[in-house]
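Reviewing the structure listed below.
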Amino acid sequence: MTGKVGIVGVGHAKFGKRTDATIRELAHEAVEPALEDAGISVDDIDASVIGVAGDEFAAQGSPAAVIHDYVGMGNKPAFRVEAACATGSAGIRTGWSLIKAGLAEVVLVIGAETMTHVGTPMATELMARAGDTRWEYPFGITFPGFYALMATAHMHEFGTTREQLSMVSVKNHMYGAMNPYAHLQRVVTLEEAMRSVMICYPLNLYDCCLISDGAAAAILANEQRAKKISDTPVWLIGLGAASDAMMISERPTLTGLTATKVAAEKAYRMAGITPDDVDVAVVHDCFTIAEIMAYEDLGFCGKGGGGKFIEEEQSYIGGKVPINVDGGLKSKGHPIGATGVSMTVEITKQLRGEAGKRQVSGAEVGLSHNIGETGQYCFVHVYAR
């Protein structure tokens with residue numbers, strides 16, 4: 001196995017309703033700044049790993065092949081990954097694995113998705129099929145419904161409140177308003193978040209993430225190449241992955257995700273750190289309850305303490321662990337294939353001190369947490385400056 005794997009270049013397309021660009025053009029919009037950031041060309045890259053979650057969303061069979069060709073990778077090997085909403089992080093892990101195996105020295109990882117063109121009803125339908133199509137999807141449950149079950153269970157067991165859920169939204173919109181790549185760059189008041197239309201009790205409009213188009217890119221390199229390419233590589237020092245029961249009715253609890261706990265333990269062990277060592281994190285806030293559960297499952301607070309954690313502003317800059325200061329999925333948007341790579345872009349910029357108004361001062365260790373489906377896929381990555 002090779003030595004360390006570093007991130008030497010990152011790029012990000014604007015998230016939003018991108019009627020001006022196809023999926024291949026969005027990918028190019030992310031890849032170009034990543035190459036410029038690294039100071040290299042596609043000729044210096046050995047392979048691509050491309051995460052696209054849905055052919056239906058892309059309106060293209062094998063969309064990774066189209067993207068690989070469009071960004072100029074020619075006859076170099078291309079790999080497509082899919083892990084639902086965790087597709088992007090699966091791509092980062094796959095790129096890391098190719099390098100660690102000695103099969104490549106420099107790998108371009110792209111995450112991309114176009115979702116808005118199908119409309120909200122069809123997007124909801126397509127994502128609902130990620131539930132068990134024998135015992136869940138046919139009975140009408142959607143992803144707001146899955147997470148509403150988790151929210152009501154958490155509220156019942158730990159006294160978590162509707163107001164605490166909305167506080168997550170307020171925080172993430174505050175930071176998203178500072179992020180030029182975010183879909184919804186708009187501050188939301190607590191009153192506005194609390195009063196928004198109910199989607200699936202207890203989750204209302206501002207508890208649910210956006211359906212978005214977008215792309216992000218990261219260039220990974222082995223230790224020797226990374227040090228030649230960049231003066232400030234960000235090292236991937238811990239990776240953890242785990243899964244949960246496909247059907248949530250078969251899980252022992254709805255108040256947390258076992259996959260997150262297991263993946264986090266693996267990542268912390270590999271990195272040689274504890275949750276107290278994390279300076280900045282991005283977590284999977286597809287719904288506000290998901291962020292509250294992530295606080296607990298990642299070890300940033302005790303079980304049942306997630307509501308108090310946000311209420312006391314411990315996940316703000318200046319708190320115990322600044323979390324989702326890019327706006328998270330809630331404000332930045334959630335083009336499902338791109339989200340995990342976007343998380344890597346954010347942590348890389350934070351550790352390089354390039355996050356502008358959202359910068360966490362002195363951040364040296366970062367963490368990304370990406371969930372696919374309702375926990376059937378989970379990837380936790382730890383990064384160091």
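The chains in the structure tokens are called A, B, ... from first to last as shown; in each chain the residues are counted from 1, and the ligands are counted from 1 in the order shown.
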Query raised in the report: Which polymer residues have any atom within 6 Å of an atom of range 94-109 of chain A, counting only C-alpha atoms, with same-chain residues fewer than 6 positions away left out, as a VMD selection string?
Result: chain A and resid 1 to 2 45 to 50 217 to 222
Query raised in the report: Looking only at the backbone, which of the residues in range 297-366 of chain A does DSSP tag as alpha helix (DSSP H), as a list in words?
Result: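 Answer for range 297-366 of chain A restricted to alpha helix (DSSP H) is Asp297, Gly306, Gly307, Lys308, Phe309, Ile310, Glu311, Gly328, Leu329, Lys330, Ser331, Lys332, Thr339, Gly340, Val341, Ser342, Met343, Thr344, Val345, Glu346, Ile347, Thr348, Lys349, Gln350 and Leu351 of chain A.
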Quick one: residues within 9 Å of Asp207 in chain A, only C-alpha atoms counted, chain neighbours fewer than 2 positions away excluded, as an mmCIF file with C-alpha atoms, in the first residue's frame?
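As written to disk, around.cif reads:
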data_model
loop_
_atom_site.group_PDB
_atom_site.id
_atom_site.type_symbol
_atom_site.label_atom_id
_atom_site.label_comp_id
_atom_site.auth_asym_id
_atom_site.auth_seq_id
_atom_site.Cartn_x
_atom_site.Cartn_y
_atom_site.Cartn_z
ATOM 1 C CA LEU A 165 -35.711 21.159 14.736
ATOM 2 C CA SER A 166 -36.311 24.618 13.288
ATOM 3 C CA VAL A 168 -31.127 23.620 12.739
ATOM 4 C CA SER A 169 -32.746 25.198 9.699
ATOM 5 C CA ALA A 193 -39.199 28.203 9.931
ATOM 6 C CA ILE A 199 -44.876 18.359 4.805
ATOM 7 C CA PRO A 202 -43.573 16.956 12.544
ATOM 8 C CA LEU A 203 -41.467 18.033 9.557
ATOM 9 C CA ASN A 204 -42.453 21.202 7.719
ATOM 10 C CA LEU A 205 -41.036 22.891 4.640
ATOM 11 C CA CYS A 209 -33.655 19.822 2.119
ATOM 12 C CA CYS A 286 -31.411 15.921 4.516
ATOM 13 C CA PHE A 287 -33.953 16.716 7.247
ATOM 14 C CA THR A 288 -33.329 18.707 10.405
ATOM 15 C CA ILE A 289 -33.803 15.624 12.598
ATOM 16 C CA LYS A 330 -30.764 22.239 3.907
#
Query - Surrounding residues of His173 in chain A excluding itself and chain neighbours under 5 positions, 9 Å, only C-alpha atoms, as JSON, numbers by chain - result: {"A": [168, 178, 184, 185, 186, 187, 188, 326, 327, 328, 330, 331, 332]}
Requested in this report: Find the distance between CA of Ala216 in chain A and CA of Tyr383 in chain A and write it in Å to one decimal.
Outcome: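 So the answer is 17.5 Å.
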Report task. List every residue of range 341-376 of chain A that DSSP, applied to the backbone, labels as strand (DSSP E or B), and write the result as JSON, numbers by chain. Result -> {"A": [365, 366, 367, 368, 369, 370, 371, 372]}
Using C-alpha atoms, can you export the residues from the last selection as a tab-separated table (two decimals), in the first residue's frame?
chain	number	residue	atom	x	y	z
A	365	VAL	CA	-9.08	18.39	11.61
A	366	GLY	CA	-12.33	18.09	9.67
A	367	LEU	CA	-15.02	15.46	9.25
A	368	SER	CA	-17.64	14.66	6.64
A	369	HIS	CA	-20.67	12.43	7.25
A	370	ASN	CA	-22.79	11.31	4.31
A	371	ILE	CA	-25.87	9.07	4.47
A	372	GLY	CA	-27.48	7.17	1.61
Could you give me, as a tab-separated table, a per-residue list for range 112-160 of chain A showing, wherever an atom lies at most 12 Å from an atom of range 24-34 of chain A, the closest pair of atoms and their distance in Å to one decimal, using only C-alpha atoms and sorting by chain then residue number from low to high?
residue	atom	partner	partner_atom	distance
A:Ala112	CA	A:Ala27	CA	6.1
A:Glu113	CA	A:Leu26	CA	8.4
A:Thr114	CA	A:Leu26	CA	8.7
Query - Shell around range 305-314 of chain A at 7 Å using only C-alpha atoms, local window under 6 positions removed, as a ChimeraX atom specification - result: /A:160,164,167-168,292-293,295-296,320-321
Write a file of the just-selected residues containing C-alpha atoms, as an mmCIF file, in the first residue's frame.
data_model
loop_
_atom_site.group_PDB
_atom_site.id
_atom_site.type_symbol
_atom_site.label_atom_id
_atom_site.label_comp_id
_atom_site.auth_asym_id
_atom_site.auth_seq_id
_atom_site.Cartn_x
_atom_site.Cartn_y
_atom_site.Cartn_z
ATOM 1 C CA THR A 160 -36.790 17.034 21.384
ATOM 2 C CA GLN A 164 -35.164 22.714 18.164
ATOM 3 C CA MET A 167 -33.164 25.932 14.978
ATOM 4 C CA VAL A 168 -31.127 23.620 12.739
ATOM 5 C CA ILE A 292 -29.683 16.333 15.409
ATOM 6 C CA MET A 293 -29.211 12.558 15.307
ATOM 7 C CA TYR A 295 -24.628 15.177 16.583
ATOM 8 C CA GLU A 296 -25.308 12.216 18.855
ATOM 9 C CA LYS A 320 -18.058 23.048 20.462
ATOM 10 C CA VAL A 321 -18.042 21.792 16.862
#
Report task. Tell me, as a ChimeraX atom specification, which residues lie within 12 Å of Arg129 in chain A, counting only C-alpha atoms; anything in the same chain fewer than 5 positions away does not count. Result -> /A:54,56,84,122-124,134-143,373
Keeping only N, CA and C atoms, write the selected residues as a PDB file, in the first residue's frame.
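Final file, part02.pdb:
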ATOM      1  N   GLY A  54     -28.789   8.656 -10.267  1.00  0.00           N
ATOM      2  CA  GLY A  54     -29.953   8.195 -11.005  1.00  0.00           C
ATOM      3  C   GLY A  54     -29.885   8.431 -12.494  1.00  0.00           C
ATOM      4  N   GLU A  56     -32.465   8.100 -14.329  1.00  0.00           N
ATOM      5  CA  GLU A  56     -33.709   8.812 -14.638  1.00  0.00           C
ATOM      6  C   GLU A  56     -33.528  10.316 -14.457  1.00  0.00           C
ATOM      7  N   ALA A  84     -26.916   5.935  -3.520  1.00  0.00           N
ATOM      8  CA  ALA A  84     -28.016   6.843  -3.209  1.00  0.00           C
ATOM      9  C   ALA A  84     -27.462   8.222  -2.855  1.00  0.00           C
ATOM     10  N   MET A 122     -42.300  13.860  -9.393  1.00  0.00           N
ATOM     11  CA  MET A 122     -41.515  12.755  -9.941  1.00  0.00           C
ATOM     12  C   MET A 122     -40.216  12.560  -9.157  1.00  0.00           C
ATOM     13  N   ALA A 123     -39.576  13.652  -8.719  1.00  0.00           N
ATOM     14  CA  ALA A 123     -38.368  13.506  -7.913  1.00  0.00           C
ATOM     15  C   ALA A 123     -38.682  12.756  -6.616  1.00  0.00           C
ATOM     16  N   THR A 124     -39.799  13.093  -5.999  1.00  0.00           N
ATOM     17  CA  THR A 124     -40.223  12.399  -4.780  1.00  0.00           C
ATOM     18  C   THR A 124     -40.466  10.922  -5.060  1.00  0.00           C
ATOM     19  N   ARG A 134     -40.785  -3.709  -2.112  1.00  0.00           N
ATOM     20  CA  ARG A 134     -41.791  -4.736  -1.806  1.00  0.00           C
ATOM     21  C   ARG A 134     -42.638  -4.333  -0.605  1.00  0.00           C
ATOM     22  N   TRP A 135     -41.974  -3.794   0.420  1.00  0.00           N
ATOM     23  CA  TRP A 135     -42.684  -3.590   1.685  1.00  0.00           C
ATOM     24  C   TRP A 135     -42.772  -2.141   2.159  1.00  0.00           C
ATOM     25  N   GLU A 136     -42.144  -1.201   1.456  1.00  0.00           N
ATOM     26  CA  GLU A 136     -42.205   0.202   1.878  1.00  0.00           C
ATOM     27  C   GLU A 136     -42.801   1.084   0.776  1.00  0.00           C
ATOM     28  N   TYR A 137     -42.128   1.173  -0.336  1.00  0.00           N
ATOM     29  CA  TYR A 137     -42.571   2.040  -1.432  1.00  0.00           C
ATOM     30  C   TYR A 137     -44.030   1.807  -1.850  1.00  0.00           C
ATOM     31  N   PRO A 138     -44.499   0.553  -2.016  1.00  0.00           N
ATOM     32  CA  PRO A 138     -45.874   0.370  -2.498  1.00  0.00           C
ATOM     33  C   PRO A 138     -46.943   0.914  -1.550  1.00  0.00           C
ATOM     34  N   PHE A 139     -46.577   1.149  -0.296  1.00  0.00           N
ATOM     35  CA  PHE A 139     -47.557   1.615   0.675  1.00  0.00           C
ATOM     36  C   PHE A 139     -47.522   3.126   0.860  1.00  0.00           C
ATOM     37  N   GLY A 140     -46.773   3.807  -0.019  1.00  0.00           N
ATOM     38  CA  GLY A 140     -46.863   5.256  -0.100  1.00  0.00           C
ATOM     39  C   GLY A 140     -45.885   6.040   0.744  1.00  0.00           C
ATOM     40  N   ILE A 141     -44.946   5.378   1.420  1.00  0.00           N
ATOM     41  CA  ILE A 141     -44.015   6.139   2.250  1.00  0.00           C
ATOM     42  C   ILE A 141     -42.965   6.824   1.380  1.00  0.00           C
ATOM     43  N   THR A 142     -42.670   8.063   1.717  1.00  0.00           N
ATOM     44  CA  THR A 142     -41.646   8.845   1.027  1.00  0.00           C
ATOM     45  C   THR A 142     -40.535   9.152   2.029  1.00  0.00           C
ATOM     46  N   PHE A 143     -39.479   9.803   1.561  1.00  0.00           N
ATOM     47  CA  PHE A 143     -38.384  10.088   2.489  1.00  0.00           C
ATOM     48  C   PHE A 143     -38.756  11.093   3.573  1.00  0.00           C
ATOM     49  N   GLU A 373     -29.844   6.742   1.371  1.00  0.00           N
ATOM     50  CA  GLU A 373     -31.158   6.238   1.754  1.00  0.00           C
ATOM     51  C   GLU A 373     -31.442   6.670   3.200  1.00  0.00           C
TER      52      GLU A 373
END
Query raised in the report: If you measure from CA of Gly240 in chain A to CA of Gly9 in chain A, what distance in Å do you get, rounded to one decimal?
Result: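 Computing it gives 22.4 Å between the two atoms.
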Report task. Show which residues sit within 9 Å of Ile317 in chain A, as a PyMOL selection string. Count only C-alpha atoms, and ignore same-chain residues fewer than 4 positions away. Result -> chain A and resi 280+313+321-323+325+358-361
Please write the residues from the selection above to a file, keeping N, CA, C and O atoms, as a PDB file, in the first residue's frame.
ATOM      1  N   VAL A 280     -14.121  21.042  12.677  1.00  0.00           N
ATOM      2  CA  VAL A 280     -15.211  21.471  11.806  1.00  0.00           C
ATOM      3  C   VAL A 280     -15.774  20.227  11.134  1.00  0.00           C
ATOM      4  O   VAL A 280     -15.032  19.292  10.816  1.00  0.00           O
ATOM      5  N   GLU A 313     -26.400  26.478  20.659  1.00  0.00           N
ATOM      6  CA  GLU A 313     -25.553  26.952  19.557  1.00  0.00           C
ATOM      7  C   GLU A 313     -24.163  26.332  19.574  1.00  0.00           C
ATOM      8  O   GLU A 313     -23.176  26.949  19.160  1.00  0.00           O
ATOM      9  N   VAL A 321     -18.432  22.280  18.184  1.00  0.00           N
ATOM     10  CA  VAL A 321     -18.042  21.792  16.862  1.00  0.00           C
ATOM     11  C   VAL A 321     -18.877  22.525  15.809  1.00  0.00           C
ATOM     12  O   VAL A 321     -20.072  22.254  15.681  1.00  0.00           O
ATOM     13  N   PRO A 322     -18.307  23.453  15.061  1.00  0.00           N
ATOM     14  CA  PRO A 322     -19.059  24.092  13.982  1.00  0.00           C
ATOM     15  C   PRO A 322     -19.466  23.050  12.935  1.00  0.00           C
ATOM     16  O   PRO A 322     -18.621  22.297  12.443  1.00  0.00           O
ATOM     17  N   ILE A 323     -20.751  23.006  12.634  1.00  0.00           N
ATOM     18  CA  ILE A 323     -21.287  21.957  11.763  1.00  0.00           C
ATOM     19  C   ILE A 323     -22.151  22.568  10.672  1.00  0.00           C
ATOM     20  O   ILE A 323     -23.013  23.409  10.936  1.00  0.00           O
ATOM     21  N   VAL A 325     -21.433  24.666   8.248  1.00  0.00           N
ATOM     22  CA  VAL A 325     -21.297  26.111   8.052  1.00  0.00           C
ATOM     23  C   VAL A 325     -21.185  26.471   6.565  1.00  0.00           C
ATOM     24  O   VAL A 325     -20.941  27.632   6.225  1.00  0.00           O
ATOM     25  N   ARG A 358     -17.250  32.235   6.354  1.00  0.00           N
ATOM     26  CA  ARG A 358     -17.653  31.020   7.073  1.00  0.00           C
ATOM     27  C   ARG A 358     -16.455  30.275   7.666  1.00  0.00           C
ATOM     28  O   ARG A 358     -16.614  29.159   8.178  1.00  0.00           O
ATOM     29  N   GLN A 359     -15.283  30.861   7.604  1.00  0.00           N
ATOM     30  CA  GLN A 359     -14.073  30.179   8.038  1.00  0.00           C
ATOM     31  C   GLN A 359     -14.070  29.890   9.536  1.00  0.00           C
ATOM     32  O   GLN A 359     -14.341  30.772  10.350  1.00  0.00           O
ATOM     33  N   VAL A 360     -13.758  28.650   9.886  1.00  0.00           N
ATOM     34  CA  VAL A 360     -13.549  28.260  11.279  1.00  0.00           C
ATOM     35  C   VAL A 360     -12.075  28.491  11.587  1.00  0.00           C
ATOM     36  O   VAL A 360     -11.202  27.834  11.018  1.00  0.00           O
ATOM     37  N   SER A 361     -11.801  29.412  12.467  1.00  0.00           N
ATOM     38  CA  SER A 361     -10.429  29.823  12.744  1.00  0.00           C
ATOM     39  C   SER A 361      -9.596  28.665  13.273  1.00  0.00           C
ATOM     40  O   SER A 361      -9.996  27.961  14.200  1.00  0.00           O
TER      41      SER A 361
END
Query - Option closest in space to Ala241 in chain A, from A:Thr120, A:Thr253, A:Thr260, A:Ser62 [counting only C-alpha atoms] - result: A:Thr260
Report summary line: CA of Leu351 in chain A to CA of Pro335 in chain A measures 23.8 Å
